[in-house]
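What follows is one structure encoded as structure tokens, with my remarks underneath.
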Amino acid sequence: RRRKEICRDQFQNMSKHEPSNITDKDIEEACRFCFDVLLSRFCRTPCPLPRFRNGEFPLFVTWNKFDGKGNSNLRGCIGNLSPIGLHDGVKKYAAVSAFEDRRFSPISADEVPMLECSVTFLSNFEEAANYVDWEIGKHGMIINFSDDRGSPLSATYLPYVCSEQGWGKEECIDSLIRKAGYRGSISQRLRNSIKLTRYQGCKATVDFAAYRGQRVADRLWLEAWG
């Protein structure tokens, strides 16, 4: 099935929201809007209005940077696992993921031409039967568990992380346990104690060259952006 139809069906199956007409084109335009947000901030121009459909869904914005050898490195990834208005949410997390991800230094203006932006809209959240009750390449997951002192810990991976890293299920879960901040020994008992929520998502990715080319073609590129 075409990805546009799969995305549409996922959004229409969300029990808490009205049916949505969001397609892959909307998510691609959300990626371009993220670049609008960055350039408007760096060049001190008003930010253009979003040009994709609105709605309320959880979402994540991810920035990757290409080096001179064609490899990409993560520069920021932050989002919200609760429904949020897409227009306001994409604008907010485009900036938050670029400038406030504590794992990285803030993105600089000089890096923008080397960036690639991905936006993922999330749907179909459901409680899993156990810590391996999910499919690689299909589901993202949220884990909740307690450490040895009884303190609650949680973490999430987006649907594409496990397959991109080449992990098996247990390897992925162990990595997620570490991401949550657990530093003790990972036992089978600990894995079995995990409460896991799985979800799905639709993702689009646009690099700077494609973004600029589309904005120029649509006569939406601002002189102030260079």
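Following the order of the structure tokens, first chain is A, next is B, and so on, with residues numbered from 1 inside each chain and ligands from 1 in the order they appear.
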Counting only C-alpha atoms, what is within 12 Å of Ser105 (chain A), bar same-chain residues fewer than 3 positions away, as a PDB file with C-alpha atoms, in the first residue's frame?
```pdb
ATOM      1  CA  LEU A  74      22.164  13.523  15.038  1.00  0.00           C
ATOM      2  CA  ARG A  75      22.039  17.202  16.071  1.00  0.00           C
ATOM      3  CA  GLY A  76      18.778  17.243  17.977  1.00  0.00           C
ATOM      4  CA  VAL A  96      13.501  23.280  20.777  1.00  0.00           C
ATOM      5  CA  SER A  97      15.176  20.323  19.057  1.00  0.00           C
ATOM      6  CA  ALA A  98      17.638  22.642  17.282  1.00  0.00           C
ATOM      7  CA  PHE A  99      18.619  24.789  20.247  1.00  0.00           C
ATOM      8  CA  GLU A 100      17.625  23.068  23.500  1.00  0.00           C
ATOM      9  CA  ASP A 101      18.514  19.376  23.177  1.00  0.00           C
ATOM     10  CA  ARG A 102      20.942  19.087  26.099  1.00  0.00           C
ATOM     11  CA  SER A 108      24.494  27.420  14.416  1.00  0.00           C
ATOM     12  CA  GLU A 111      25.338  24.456   9.888  1.00  0.00           C
TER      13      GLU A 111
END
```
Q) Which residues come within 7 Å of Cys31 (chain A), counting only C-alpha atoms, excluding same-chain residues fewer than 3 positions away, as an NGL selection string? A) :A and (27-28 or 34-35 or 117-119 or 205-206)
Q | Members of region 44-223 of chain A assigned strand (DSSP E) by DSSP, as an NGL selection string | A | :A and (56-66 or 72-85 or 115-127 or 140-146 or 152-157 or 195-207)
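When CA of Asn21 (chain A) is paired with CA of Asp218 (chain A), their separation reads 22.8 Å.
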(Q) List the spatial neighbours of Thr120 (chain A) as a list in words - criterion: any atom at most 7 Å away, only C-alpha atoms, same-chain residues fewer than 3 positions off excluded. (A)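 Returned residues: Leu59, Phe60, Val61, Gly201, Cys202, Lys203 and Ala204 of chain A.
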Any chance you could tabulate, as CSV, the residues of region 82-173 of chain A at most 10 Å from region 41-47 of chain A with each one's nearest atom pair and distance in Å to one decimal, using only C-alpha atoms, in chain and rising number order?
```
residue,atom,partner,partner_atom,distance
A:Lys91,CA,A:Cys47,CA,9.3
A:Ala95,CA,A:Arg41,CA,8.8
A:Ser108,CA,A:Phe42,CA,8.4
A:Ala109,CA,A:Phe42,CA,6.3
A:Asp110,CA,A:Phe42,CA,9.9
A:Val112,CA,A:Phe42,CA,9.8
```
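Across the model, the gap from CA of Asn192 (chain A) to CA of Glu127 (chain A) is 14.4 Å.
Note that the spacing between CA of Ala217 (chain A) and CA of Arg53 (chain A) amounts to 20.6 Å.
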Q | Which of region 49-195 of chain A DSSP labels alpha helix (DSSP H), written as a PyMOL selection string | A | chain A and resi 86-99+161-165+169-179+188-192
**Q.** Counting only C-alpha atoms, the residue of A:Leu115, A:Pro152, A:Pro50, A:Asp67 that sits nearest Gly85 (chain A)
**A.**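 Checking each of A:Leu115, A:Pro152, A:Pro50, A:Asp67 against Gly85 (chain A), counting only C-alpha atoms, the winner is A:Pro50.
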Q: Find the residues around Lys179 (chain A) up to 10 Å (only C-alpha atoms counted), leave out those fewer than 2 positions away in its own chain, and share them as a ChimeraX atom specification.
A: /A:153-157,173-177,181-183
Go ahead and save the picked residues with N, CA, C and O atoms, as a compact mmCIF listing (two decimals), in the first residue's frame.
```
# COMPACT_ATOMS: atom_id res chain seq x y z
N LEU A 153 11.32 5.34 36.09
CA LEU A 153 12.11 5.73 34.93
C LEU A 153 11.30 5.46 33.66
O LEU A 153 10.49 4.54 33.62
N SER A 154 11.55 6.26 32.64
CA SER A 154 10.85 6.05 31.37
C SER A 154 11.69 6.60 30.23
O SER A 154 12.57 7.45 30.43
N ALA A 155 11.44 6.10 29.04
CA ALA A 155 12.13 6.56 27.84
C ALA A 155 11.36 6.08 26.62
O ALA A 155 10.52 5.17 26.71
N THR A 156 11.65 6.69 25.48
CA THR A 156 10.98 6.29 24.24
C THR A 156 11.96 6.25 23.08
O THR A 156 12.96 6.98 23.07
N TYR A 157 11.68 5.38 22.13
CA TYR A 157 12.33 5.38 20.83
C TYR A 157 11.25 5.49 19.77
O TYR A 157 10.20 4.82 19.85
N ILE A 173 15.54 -2.85 23.63
CA ILE A 173 14.98 -2.58 24.95
C ILE A 173 16.09 -2.26 25.94
O ILE A 173 15.97 -1.34 26.77
N ASP A 174 17.19 -3.00 25.89
CA ASP A 174 18.30 -2.73 26.80
C ASP A 174 18.87 -1.33 26.57
O ASP A 174 19.22 -0.62 27.52
N SER A 175 18.96 -0.92 25.31
CA SER A 175 19.42 0.43 25.01
C SER A 175 18.45 1.48 25.55
O SER A 175 18.85 2.52 26.08
N LEU A 176 17.16 1.18 25.46
CA LEU A 176 16.15 2.11 25.95
C LEU A 176 16.19 2.20 27.47
O LEU A 176 15.98 3.28 28.04
N ILE A 177 16.49 1.08 28.13
CA ILE A 177 16.66 1.10 29.59
C ILE A 177 17.80 2.03 29.97
O ILE A 177 17.69 2.82 30.92
N GLY A 181 18.12 6.14 31.93
CA GLY A 181 18.99 6.54 33.03
C GLY A 181 19.35 5.42 33.99
O GLY A 181 20.01 5.67 35.00
N TYR A 182 18.98 4.19 33.66
CA TYR A 182 19.30 3.07 34.54
C TYR A 182 20.74 2.63 34.32
O TYR A 182 21.16 2.40 33.18
N ARG A 183 21.52 2.53 35.39
CA ARG A 183 22.94 2.19 35.29
C ARG A 183 23.30 0.86 35.93
O ARG A 183 24.46 0.45 35.92
```
